[in-house]
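Source file: my_file.csv; contents: CSV, C-alpha atoms.
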```csv
chain,number,residue,atom,x,y,z
A,256,MET,CA,-87.4,-21.7,-5.8
A,257,LYS,CA,-88.2,-18.0,-5.3
A,258,PHE,CA,-87.0,-15.8,-8.2
A,259,ALA,CA,-86.8,-12.0,-8.4
A,260,VAL,CA,-86.6,-10.5,-11.8
A,261,GLN,CA,-85.0,-7.2,-12.8
A,262,VAL,CA,-85.6,-5.7,-16.3
A,263,LEU,CA,-83.2,-2.9,-17.3
A,264,GLU,CA,-84.0,-2.3,-21.0
A,265,ALA,CA,-87.0,-0.9,-22.9
A,266,PRO,CA,-89.3,-3.2,-24.8
A,267,TYR,CA,-88.7,-3.9,-28.6
A,268,ASN,CA,-85.4,-1.9,-28.6
A,269,ASN,CA,-83.8,-4.8,-26.8
A,270,GLN,CA,-84.8,-8.5,-26.3
A,271,ALA,CA,-84.5,-8.2,-22.5
A,272,SER,CA,-88.3,-7.8,-21.9
A,273,ASP,CA,-89.1,-10.8,-24.2
A,274,THR,CA,-86.5,-13.0,-22.5
A,275,ALA,CA,-87.7,-12.0,-19.0
A,276,TYR,CA,-91.3,-12.8,-20.0
A,277,HIS,CA,-90.4,-16.2,-21.3
A,278,PHE,CA,-88.3,-16.9,-18.3
A,279,ILE,CA,-91.1,-16.0,-15.9
A,280,LYS,CA,-93.6,-18.2,-17.9
A,281,ALA,CA,-91.2,-21.1,-17.8
A,282,ALA,CA,-90.5,-20.7,-14.1
A,283,LEU,CA,-94.2,-20.6,-13.2
A,284,ASP,CA,-94.8,-23.6,-15.4
A,285,LYS,CA,-92.2,-25.5,-13.4
A,286,GLY,CA,-93.9,-24.5,-10.1
A,287,HIS,CA,-91.4,-21.8,-9.1
A,288,THR,CA,-92.5,-18.5,-7.4
A,289,ILE,CA,-91.8,-15.0,-8.8
A,290,VAL,CA,-91.3,-12.7,-5.8
A,291,ARG,CA,-91.5,-9.6,-8.0
A,292,VAL,CA,-90.6,-8.1,-11.3
A,293,PHE,CA,-88.8,-4.8,-11.1
A,294,PHE,CA,-88.3,-2.3,-14.0
A,295,TYR,CA,-85.3,-0.1,-13.7
A,296,HIS,CA,-83.3,2.2,-16.1
A,297,ASN,CA,-85.2,2.2,-19.5
A,298,GLY,CA,-86.9,-0.9,-18.3
A,299,VAL,CA,-89.6,1.4,-16.8
A,300,ILE,CA,-90.9,2.0,-20.4
A,301,ASN,CA,-92.3,-1.5,-20.1
A,302,ALA,CA,-95.0,0.1,-17.9
A,303,ASN,CA,-96.0,2.8,-20.5
A,304,ASN,CA,-99.7,2.3,-21.2
A,305,SER,CA,-99.8,4.7,-24.2
A,306,ALA,CA,-97.8,2.5,-26.5
A,307,GLU,CA,-99.6,0.8,-29.4
A,308,PRO,CA,-97.4,-1.7,-31.1
A,309,PRO,CA,-98.5,-3.1,-34.4
A,310,ASN,CA,-101.0,-6.0,-34.3
A,311,ASP,CA,-98.9,-8.4,-36.3
A,312,ASP,CA,-96.3,-8.7,-33.6
A,313,ARG,CA,-96.3,-9.6,-29.9
A,314,ASN,CA,-97.6,-7.0,-27.5
A,315,ILE,CA,-95.0,-6.8,-24.8
A,316,TYR,CA,-97.1,-4.4,-22.7
A,317,LYS,CA,-100.1,-6.8,-22.6
A,318,ARG,CA,-97.7,-9.6,-21.5
A,319,TRP,CA,-97.1,-7.7,-18.3
A,320,THR,CA,-100.9,-7.3,-17.8
A,321,GLU,CA,-101.2,-11.0,-18.3
A,322,LEU,CA,-98.6,-11.7,-15.7
A,323,GLY,CA,-99.6,-8.9,-13.3
A,324,LYS,CA,-103.4,-9.2,-13.5
A,325,GLU,CA,-104.0,-12.8,-14.4
A,326,LYS,CA,-101.1,-14.5,-12.7
A,327,GLY,CA,-101.0,-12.1,-9.8
A,328,ILE,CA,-97.3,-11.3,-10.0
A,329,ASP,CA,-96.2,-8.0,-8.4
A,330,ILE,CA,-94.7,-5.9,-11.2
A,331,VAL,CA,-93.1,-2.6,-10.1
A,332,ALA,CA,-91.6,0.3,-12.1
A,333,CYS,CA,-89.0,2.4,-10.2
A,334,ILE,CA,-90.5,5.8,-9.4
A,335,ALA,CA,-87.3,7.8,-9.8
A,336,ALA,CA,-86.5,6.1,-13.1
A,337,SER,CA,-90.1,6.5,-14.2
A,338,LYS,CA,-90.2,10.2,-13.5
A,339,ARG,CA,-87.1,10.7,-15.6
A,340,ARG,CA,-88.7,9.0,-18.5
A,341,GLY,CA,-92.3,10.4,-18.3
A,342,ILE,CA,-93.9,7.2,-17.0
A,343,LYS,CA,-96.6,8.4,-14.6
A,344,GLU,CA,-99.0,7.0,-12.0
A,345,GLY,CA,-102.4,6.6,-13.7
A,346,GLN,CA,-100.8,6.1,-17.1
A,347,ILE,CA,-99.2,2.8,-16.5
A,348,VAL,CA,-99.9,-0.7,-17.9
A,349,GLU,CA,-102.7,-2.6,-16.1
A,350,GLY,CA,-101.2,-5.1,-13.6
A,351,THR,CA,-98.1,-3.0,-12.9
A,352,ARG,CA,-97.5,-0.3,-10.2
A,353,ILE,CA,-95.0,2.4,-9.5
A,354,SER,CA,-92.9,2.3,-6.3
A,355,GLY,CA,-89.5,3.0,-4.9
A,356,LEU,CA,-86.1,1.4,-5.2
A,357,GLY,CA,-86.7,-0.2,-1.8
A,358,GLN,CA,-88.8,-2.7,-3.7
A,359,LEU,CA,-85.7,-3.9,-5.5
A,360,ALA,CA,-83.7,-4.2,-2.4
A,361,ASP,CA,-86.6,-6.0,-0.7
A,362,MET,CA,-87.0,-8.6,-3.4
A,363,THR,CA,-83.3,-9.2,-3.7
A,364,ILE,CA,-83.2,-10.1,0.0
A,365,GLU,CA,-86.4,-12.2,-0.2
A,366,ALA,CA,-85.7,-14.2,-3.3
A,367,ASP,CA,-83.4,-17.3,-3.6
A,368,ARG,CA,-82.2,-15.9,-7.0
A,369,LEU,CA,-82.2,-12.5,-8.6
A,370,ILE,CA,-82.2,-12.6,-12.4
A,371,THR,CA,-81.3,-9.4,-14.3
A,372,PHE,CA,-82.4,-9.0,-17.9
A,373,GLY,CA,-80.7,-6.3,-19.9
B,289,MET,CA,-83.6,-20.4,22.0
B,290,GLU,CA,-81.3,-17.4,22.0
B,291,VAL,CA,-78.9,-19.1,19.6
B,292,ASP,CA,-81.8,-19.8,17.2
B,293,GLU,CA,-82.9,-16.2,17.3
B,294,GLU,CA,-79.4,-15.0,16.5
B,295,MET,CA,-79.2,-17.4,13.5
B,296,GLU,CA,-82.5,-15.9,12.3
B,297,VAL,CA,-81.1,-12.4,12.4
B,298,ASP,CA,-78.0,-13.5,10.5
B,299,GLU,CA,-80.2,-15.1,7.8
B,300,ASN,CA,-81.7,-11.7,7.2
B,301,VAL,CA,-78.4,-10.2,6.3
B,302,LYS,CA,-77.6,-11.2,2.8
B,303,LYS,CA,-74.4,-10.7,0.8
B,304,VAL,CA,-75.2,-8.4,-2.1
B,305,MET,CA,-72.7,-7.4,-4.7
B,306,PHE,CA,-73.1,-4.5,-7.2
B,307,VAL,CA,-71.1,-4.9,-10.3
B,308,MET,CA,-70.4,-1.5,-11.9
B,309,ARG,CA,-69.5,-2.1,-15.6
B,310,LYS,CA,-70.1,1.1,-17.4
B,311,ALA,CA,-68.3,4.5,-17.6
B,312,PRO,CA,-70.0,7.2,-15.5
B,313,HIS,CA,-71.3,9.2,-18.5
B,314,GLY,CA,-72.4,8.1,-21.9
B,315,SER,CA,-75.2,6.0,-20.4
B,316,ILE,CA,-77.2,6.2,-17.1
B,317,TYR,CA,-76.3,2.7,-15.8
B,318,SER,CA,-73.5,3.9,-13.5
B,319,TYR,CA,-75.6,6.8,-12.0
B,320,GLU,CA,-78.8,4.9,-11.5
B,321,GLY,CA,-76.8,1.9,-10.3
B,322,LEU,CA,-75.2,4.0,-7.6
B,323,GLU,CA,-78.7,5.1,-6.5
B,324,THR,CA,-79.6,1.5,-6.0
B,325,VAL,CA,-76.5,0.9,-3.8
B,326,LEU,CA,-77.5,3.8,-1.6
B,327,ILE,CA,-81.1,2.6,-1.2
B,328,THR,CA,-80.0,-1.0,-0.5
B,329,ALA,CA,-77.6,0.2,2.1
B,330,ALA,CA,-80.6,1.4,4.2
B,331,TYR,CA,-81.6,-2.3,4.4
B,332,GLU,CA,-78.3,-3.0,6.3
B,333,GLN,CA,-77.2,-5.8,4.1
B,334,ASP,CA,-73.6,-7.1,3.7
B,335,MET,CA,-72.8,-5.1,0.6
B,336,THR,CA,-69.9,-5.1,-1.9
B,337,MET,CA,-69.2,-2.9,-4.9
B,338,VAL,CA,-66.9,-4.0,-7.6
B,339,PHE,CA,-65.8,-1.9,-10.5
B,340,ILE,CA,-64.8,-3.8,-13.7
B,341,GLY,CA,-64.2,-2.8,-17.3
B,342,ASP,CA,-65.1,0.8,-18.1
B,343,GLY,CA,-66.8,0.9,-14.7
B,344,VAL,CA,-63.5,1.9,-13.2
B,345,PHE,CA,-63.8,5.3,-14.8
B,346,ALA,CA,-66.7,6.1,-12.5
B,347,LEU,CA,-64.2,6.5,-9.5
B,348,VAL,CA,-61.6,8.7,-11.2
B,349,LYS,CA,-61.0,11.9,-9.1
B,350,GLY,CA,-61.2,15.4,-10.5
B,351,GLN,CA,-64.1,14.7,-12.9
B,352,ASP,CA,-65.7,17.9,-14.3
B,353,THR,CA,-68.9,17.4,-16.2
B,354,THR,CA,-69.5,21.2,-16.9
B,355,ASP,CA,-68.7,20.9,-20.6
B,356,ILE,CA,-71.0,18.0,-21.3
B,357,GLY,CA,-73.9,19.7,-19.4
B,358,ILE,CA,-74.6,16.6,-17.3
B,359,LYS,CA,-74.8,16.5,-13.5
B,360,GLY,CA,-71.7,14.9,-12.1
B,361,PHE,CA,-72.0,12.4,-9.3
B,362,ILE,CA,-68.4,11.6,-8.3
B,363,LYS,CA,-69.0,13.3,-4.9
B,364,THR,CA,-71.8,10.8,-4.1
B,365,TYR,CA,-69.2,8.1,-3.9
B,366,GLY,CA,-67.8,9.9,-0.9
B,367,ALA,CA,-71.0,9.2,1.0
B,368,LEU,CA,-70.7,5.4,0.7
B,369,GLU,CA,-68.6,5.1,3.9
B,370,HIS,CA,-71.4,6.9,5.8
B,371,TYR,CA,-73.8,4.2,4.5
B,372,ASP,CA,-71.4,1.5,5.7
B,373,VAL,CA,-70.5,0.4,2.2
B,374,GLU,CA,-66.9,-0.3,2.8
B,375,LYS,CA,-66.1,-3.2,0.5
B,376,ILE,CA,-65.2,-1.4,-2.7
B,377,TYR,CA,-63.1,-3.3,-5.1
B,378,VAL,CA,-61.5,-2.5,-8.4
B,379,ASP,CA,-60.3,-5.1,-10.9
B,380,ARG,CA,-56.6,-4.6,-11.4
B,381,VAL,CA,-56.5,-5.5,-15.1
B,382,SER,CA,-59.4,-3.2,-16.0
B,383,MET,CA,-57.7,-0.4,-14.1
B,384,GLU,CA,-54.3,-0.9,-15.7
B,385,GLU,CA,-55.7,-1.4,-19.2
B,386,ARG,CA,-57.1,2.1,-18.9
B,387,GLY,CA,-53.9,3.7,-17.7
B,388,LEU,CA,-55.1,4.1,-14.1
B,389,ALA,CA,-53.7,3.5,-10.7
B,390,ALA,CA,-55.3,3.2,-7.2
B,391,ASP,CA,-54.3,6.8,-6.4
B,392,ASP,CA,-56.3,8.1,-9.4
B,393,PHE,CA,-59.5,7.3,-7.5
B,394,ALA,CA,-61.6,9.7,-5.5
B,395,ILE,CA,-62.2,7.2,-2.7
B,396,ASP,CA,-60.2,4.4,-1.0
B,397,VAL,CA,-60.6,1.2,-3.0
B,398,GLU,CA,-59.0,-2.2,-2.8
B,399,VAL,CA,-57.4,-3.4,-6.0
B,400,LYS,CA,-58.1,-7.1,-6.6
B,401,GLU,CA,-57.2,-9.7,-9.1
B,402,ALA,CA,-60.1,-11.1,-11.3
B,403,GLU,CA,-59.7,-14.5,-9.5
B,404,GLU,CA,-60.2,-12.9,-6.1
B,405,ILE,CA,-63.3,-11.0,-7.4
B,406,ALA,CA,-64.7,-14.2,-8.9
B,407,ALA,CA,-64.3,-16.0,-5.5
B,408,ILE,CA,-66.1,-13.1,-3.7
B,409,MET,CA,-68.8,-13.2,-6.3
B,410,GLU,CA,-69.3,-16.8,-5.7
B,411,GLU,CA,-70.1,-16.1,-2.0
B,412,GLN,CA,-72.9,-13.7,-2.8
B,413,HIS,CA,-76.6,-14.2,-2.2
B,414,ALA,CA,-77.2,-11.8,-5.2
B,415,THR,CA,-75.1,-10.1,-7.8
B,416,ILE,CA,-76.6,-7.0,-9.4
B,417,PRO,CA,-75.0,-5.8,-12.6
B,418,TYR,CA,-75.2,-2.2,-13.7
```

Could you take the file, read its structure, and then write that structure out as C-alpha coordinates?
Amino acid sequence: MKFAVQVLEAPYNNQASDTAYHFIKAALDKGHTIVRVFFYHNGVINANNSAEPPNDDRNIYKRWTELGKEKGIDIVACIAASKRRGIKEGQIVEGTRISGLGQLADMTIEADRLITFG
Amino acid sequence: MEVDEEMEVDENVKKVMFVMRKAPHGSIYSYEGLETVLITAAYEQDMTMVFIGDGVFALVKGQDTTDIGIKGFIKTYGALEHYDVEKIYVDRVSMEERGLAADDFAIDVEVKEAEEIAAIMEEQHATIPY
(Lines of atoms letter the chains of each structure in order from A and count residues from 1; the text may use other names and numbers.)
(Lines give C-alpha, C1' and ligand atoms only; values in the text may rest on other atoms or scores of the structure.)
Protein backbone atom coordinates (compact mmCIF):
# COMPACT_ATOMS: atom_id res chain seq x y z
CA MET A 1 0.00 0.00 0.00
CA LYS A 2 1.11 3.56 -0.70
CA PHE A 3 1.09 5.76 2.40
CA ALA A 4 1.44 9.54 2.62
CA VAL A 5 2.41 10.92 6.02
CA GLN A 6 1.63 14.37 7.38
CA VAL A 7 3.31 15.61 10.60
CA LEU A 8 1.73 18.65 12.26
CA GLU A 9 3.62 19.00 15.54
CA ALA A 10 7.16 19.96 16.53
CA PRO A 11 9.56 17.25 17.76
CA TYR A 12 9.94 16.55 21.51
CA ASN A 13 7.10 18.88 22.49
CA ASN A 14 4.69 16.30 21.16
CA GLN A 15 4.97 12.59 20.39
CA ALA A 16 3.68 13.02 16.82
CA SER A 17 7.16 12.98 15.22
CA ASP A 18 8.14 9.84 17.16
CA THR A 19 4.95 8.00 16.23
CA ALA A 20 5.27 9.05 12.58
CA TYR A 21 8.84 7.70 12.50
CA HIS A 22 7.87 4.38 14.05
CA PHE A 23 4.89 4.08 11.72
CA ILE A 24 7.08 4.70 8.66
CA LYS A 25 9.68 2.16 9.80
CA ALA A 26 6.99 -0.45 10.43
CA ALA A 27 5.30 0.26 7.09
CA LEU A 28 8.61 -0.08 5.22
CA ASP A 29 9.40 -3.31 7.06
CA LYS A 30 6.07 -4.71 5.89
CA GLY A 31 6.91 -3.80 2.30
CA HIS A 32 4.66 -0.75 1.97
CA THR A 33 5.64 2.43 0.13
CA ILE A 34 5.89 5.91 1.65
CA VAL A 35 4.93 8.38 -1.09
CA ARG A 36 6.11 11.38 0.92
CA VAL A 37 6.37 12.83 4.41
CA PHE A 38 5.03 16.37 4.70
CA PHE A 39 5.75 18.71 7.62
CA TYR A 40 3.11 21.37 8.25
CA HIS A 41 2.16 23.73 11.11
CA ASN A 42 4.90 23.37 13.80
CA GLY A 43 5.81 20.10 12.12
CA VAL A 44 8.27 22.08 9.96
CA ILE A 45 10.53 22.36 13.04
CA ASN A 46 11.38 18.71 12.38
CA ALA A 47 13.53 20.07 9.52
CA ASN A 48 15.54 22.49 11.70
CA ASN A 49 19.20 21.52 11.39
CA SER A 50 20.49 23.75 14.20
CA ALA A 51 18.90 21.70 16.97
CA GLU A 52 21.22 19.71 19.26
CA PRO A 53 19.19 17.40 21.45
CA PRO A 54 21.01 15.72 24.39
CA ASN A 55 22.98 12.56 23.55
CA ASP A 56 21.22 10.35 26.06
CA ASP A 57 17.91 10.50 24.19
CA ARG A 58 16.75 9.76 20.64
CA ASN A 59 17.70 12.30 17.98
CA ILE A 60 14.51 12.99 16.06
CA TYR A 61 16.25 15.15 13.45
CA LYS A 62 18.72 12.38 12.58
CA ARG A 63 15.82 9.99 12.17
CA TRP A 64 14.58 12.11 9.26
CA THR A 65 18.05 12.03 7.73
CA GLU A 66 18.02 8.25 8.10
CA LEU A 67 14.66 8.00 6.32
CA GLY A 68 15.37 10.71 3.74
CA LYS A 69 18.96 9.95 2.86
CA GLU A 70 19.37 6.26 3.59
CA LYS A 71 15.88 5.03 2.76
CA GLY A 72 15.31 7.55 -0.03
CA ILE A 73 11.98 8.84 1.27
CA ASP A 74 10.86 12.25 0.04
CA ILE A 75 10.54 14.48 3.13
CA VAL A 76 9.17 17.97 2.60
CA ALA A 77 8.68 20.95 4.92
CA CYS A 78 6.02 23.42 3.77
CA ILE A 79 7.68 26.63 2.59
CA ALA A 80 5.05 29.05 3.94
CA ALA A 81 4.92 27.34 7.34
CA SER A 82 8.75 27.20 7.38
CA LYS A 83 9.14 30.90 6.65
CA ARG A 84 6.80 31.73 9.52
CA ARG A 85 8.95 29.71 11.89
CA GLY A 86 12.47 30.58 10.71
CA ILE A 87 13.22 27.32 8.93
CA LYS A 88 15.28 28.21 5.87
CA GLU A 89 16.68 26.61 2.76
CA GLY A 90 20.32 25.68 3.44
CA GLN A 91 19.63 25.31 7.16
CA ILE A 92 17.50 22.22 7.03
CA VAL A 93 18.11 18.65 8.13
CA GLU A 94 19.95 16.52 5.59
CA GLY A 95 17.55 14.32 3.66
CA THR A 96 14.69 16.83 3.82
CA ARG A 97 13.69 19.63 1.46
CA ILE A 98 11.48 22.72 1.46
CA SER A 99 8.63 23.01 -1.03
CA GLY A 100 5.07 24.22 -1.46
CA LEU A 101 1.72 23.04 -0.14
CA GLY A 102 1.09 21.53 -3.57
CA GLN A 103 3.32 18.67 -2.42
CA LEU A 104 0.73 17.88 0.25
CA ALA A 105 -2.16 17.95 -2.23
CA ASP A 106 -0.12 15.87 -4.64
CA MET A 107 0.74 13.12 -2.15
CA THR A 108 -2.86 13.04 -0.87
CA ILE A 109 -4.06 12.25 -4.38
CA GLU A 110 -1.31 9.75 -5.13
CA ALA A 111 -1.38 7.72 -1.92
CA ASP A 112 -3.84 4.99 -0.98
CA ARG A 113 -3.90 6.36 2.57
CA LEU A 114 -2.98 9.69 4.11
CA ILE A 115 -1.97 9.40 7.76
CA THR A 116 -1.79 12.56 9.89
CA PHE A 117 0.31 12.67 13.06
CA GLY A 118 -0.40 15.53 15.45
CA MET B 1 -11.27 2.87 -25.60
CA GLU B 2 -13.02 6.15 -24.98
CA VAL B 3 -14.80 4.69 -21.98
CA ASP B 4 -11.48 3.54 -20.54
CA GLU B 5 -10.01 6.99 -20.91
CA GLU B 6 -12.97 8.55 -19.15
CA MET B 7 -12.61 6.12 -16.29
CA GLU B 8 -8.97 7.07 -15.98
CA VAL B 9 -9.86 10.74 -15.73
CA ASP B 10 -12.40 9.98 -13.00
CA GLU B 11 -9.81 8.06 -11.04
CA ASN B 12 -7.68 11.17 -10.88
CA VAL B 13 -10.42 13.09 -9.11
CA LYS B 14 -10.34 12.06 -5.47
CA LYS B 15 -12.73 12.86 -2.67
CA VAL B 16 -10.82 14.87 -0.09
CA MET B 17 -12.39 16.13 3.12
CA PHE B 18 -10.91 18.81 5.34
CA VAL B 19 -12.03 18.58 8.95
CA MET B 20 -11.76 21.93 10.70
CA ARG B 21 -11.72 21.30 14.44
CA LYS B 22 -10.17 24.40 16.01
CA ALA B 23 -11.29 27.96 16.75
CA PRO B 24 -9.94 30.50 14.23
CA HIS B 25 -7.63 32.14 16.76
CA GLY B 26 -5.75 30.80 19.75
CA SER B 27 -3.80 28.46 17.47
CA ILE B 28 -2.79 28.49 13.80
CA TYR B 29 -4.46 25.21 12.80
CA SER B 30 -7.57 26.81 11.35
CA TYR B 31 -5.66 29.46 9.36
CA GLU B 32 -3.00 27.17 7.91
CA GLY B 33 -5.69 24.56 7.34
CA LEU B 34 -7.62 26.98 5.15
CA GLU B 35 -4.44 27.66 3.15
CA THR B 36 -4.22 23.94 2.41
CA VAL B 37 -7.81 23.91 1.21
CA LEU B 38 -7.13 26.74 -1.24
CA ILE B 39 -4.01 25.08 -2.63
CA THR B 40 -5.67 21.67 -2.95
CA ALA B 41 -8.56 23.32 -4.81
CA ALA B 42 -6.11 24.14 -7.62
CA TYR B 43 -5.76 20.37 -8.13
CA GLU B 44 -9.47 20.18 -9.02
CA GLN B 45 -10.35 17.45 -6.57
CA ASP B 46 -13.80 16.65 -5.19
CA MET B 47 -13.47 18.64 -1.98
CA THR B 48 -15.54 18.87 1.16
CA MET B 49 -15.02 21.02 4.25
CA VAL B 50 -16.64 20.10 7.52
CA PHE B 51 -16.59 22.23 10.67
CA ILE B 52 -16.91 20.39 13.95
CA GLY B 53 -16.31 21.26 17.61
CA ASP B 54 -14.74 24.69 18.09
CA GLY B 55 -14.06 24.65 14.35
CA VAL B 56 -17.53 26.14 13.83
CA PHE B 57 -16.32 29.45 15.32
CA ALA B 58 -14.10 29.98 12.26
CA LEU B 59 -17.15 30.82 10.16
CA VAL B 60 -18.90 33.27 12.49
CA LYS B 61 -19.58 36.53 10.67
CA GLY B 62 -18.57 39.96 11.94
CA GLN B 63 -15.25 38.81 13.42
CA ASP B 64 -12.93 41.68 14.33
CA THR B 65 -9.38 40.74 15.30
CA THR B 66 -8.14 44.32 15.78
CA ASP B 67 -7.88 44.06 19.55
CA ILE B 68 -5.89 40.80 19.53
CA GLY B 69 -3.47 42.17 16.91
CA ILE B 70 -3.78 39.10 14.71
CA LYS B 71 -4.64 39.18 11.01
CA GLY B 72 -8.21 38.00 10.53
CA PHE B 73 -9.07 35.63 7.71
CA ILE B 74 -12.85 35.31 7.80
CA LYS B 75 -13.00 37.07 4.41
CA THR B 76 -10.92 34.32 2.82
CA TYR B 77 -13.83 31.92 3.32
CA GLY B 78 -15.77 34.07 0.86
CA ALA B 79 -13.26 33.03 -1.82
CA LEU B 80 -14.05 29.32 -1.47
CA GLU B 81 -16.92 29.41 -3.95
CA HIS B 82 -14.56 30.86 -6.57
CA TYR B 83 -12.33 27.85 -5.98
CA ASP B 84 -15.32 25.54 -6.54
CA VAL B 85 -15.30 24.44 -2.90
CA GLU B 86 -19.04 24.23 -2.47
CA LYS B 87 -19.58 21.36 -0.06
CA ILE B 88 -19.25 23.13 3.26
CA TYR B 89 -20.87 21.39 6.19
CA VAL B 90 -21.33 22.32 9.83
CA ASP B 91 -22.08 19.79 12.55
CA ARG B 92 -25.45 20.70 14.05
CA VAL B 93 -24.67 19.70 17.63
CA SER B 94 -21.30 21.53 17.64
CA MET B 95 -23.08 24.63 16.34
CA GLU B 96 -25.95 24.53 18.83
CA GLU B 97 -23.72 23.70 21.80
CA ARG B 98 -21.94 26.99 21.10
CA GLY B 99 -25.15 29.01 20.86
CA LEU B 100 -24.86 29.45 17.10
CA ALA B 101 -27.33 29.12 14.22
CA ALA B 102 -26.80 28.79 10.45
CA ASP B 103 -27.44 32.51 9.89
CA ASP B 104 -24.55 33.42 12.21
CA PHE B 105 -22.09 32.27 9.56
CA ALA B 106 -20.35 34.49 7.01
CA ILE B 107 -20.89 32.02 4.16
CA ASP B 108 -23.62 29.61 3.12
CA VAL B 109 -23.21 26.28 4.85
CA GLU B 110 -25.23 23.11 5.10
CA VAL B 111 -25.96 22.04 8.66
CA LYS B 112 -25.70 18.28 9.03
CA GLU B 113 -26.16 15.63 11.69
CA ALA B 114 -23.07 13.80 12.96
CA GLU B 115 -24.32 10.56 11.37
CA GLU B 116 -24.58 12.25 7.96
CA ILE B 117 -21.07 13.67 8.32
CA ALA B 118 -19.77 10.24 9.32
CA ALA B 119 -21.36 8.72 6.21
CA ILE B 120 -19.75 11.37 3.96
CA MET B 121 -16.45 10.86 5.75
CA GLU B 122 -16.61 7.18 4.94
CA GLU B 123 -16.84 7.95 1.20
CA GLN B 124 -13.61 9.96 1.20
CA HIS B 125 -10.32 8.98 -0.37
CA ALA B 126 -8.55 11.10 2.24
CA THR B 127 -9.59 13.03 5.33
CA ILE B 128 -7.30 15.85 6.46
CA PRO B 129 -7.79 17.09 10.02
CA TYR B 130 -6.80 20.61 11.08

Find the residues in chain A near chain B: any atom within 12 Å counts, using only C-alpha atoms. Write them as number ranges by chain.
A: 258-264, 295-298, 333-337, 339-340, 355-373

Contacts of Asp273 (chain A) at 12 Å or less, counting all atoms listed in the file, minus same-chain residues fewer than 5 places along, as a PyMOL selection string?
chain A and resi 262+264-268+278-280+298+301+313-319+372-373

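With CA of Leu322 (chain A) on one side and CA of Gly350 (chain A) on the other, the separation reads 7.4 Å.
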
Here CA of Ile356 (chain B) and CA of Val378 (chain B) stand apart by 26.0 Å

CA of Val338 (chain B) to CA of Arg291 (chain A): how many Å, to one decimal?
25.2 Å

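Nearest residue to Asp372 (chain B) among B:Ala407, B:Val399, B:Ala394, B:Met337 is B:Met337, counting all atoms listed in the file.
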
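For the choices B:Ile395, B:Met335, B:Ala402, B:Leu388, the atom-to-atom distance to Phe306 (chain B) is smallest for B:Met335 when using only C-alpha atoms.
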
Excluding same-chain residues fewer than 5 positions from Gly286 (chain A), what lies within 10 Å of it counting all atoms listed in the file, as a PDB file with C-alpha atoms, keeping the file's coordinate frame?
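So selection-v3.pdb came out as:
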```pdb
ATOM      1  CA  MET A 256     -87.400 -21.700  -5.800  1.00  0.00           C
ATOM      2  CA  LYS A 257     -88.200 -18.000  -5.300  1.00  0.00           C
ATOM      3  CA  ALA A 281     -91.200 -21.100 -17.800  1.00  0.00           C
TER       4      ALA A 281
END
```

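In this comparison, which uses only C-alpha atoms, the residue of A:Lys338, A:Thr351, A:Ala302, A:Val290 approaching Ser272 (chain A) most closely is A:Ala302.
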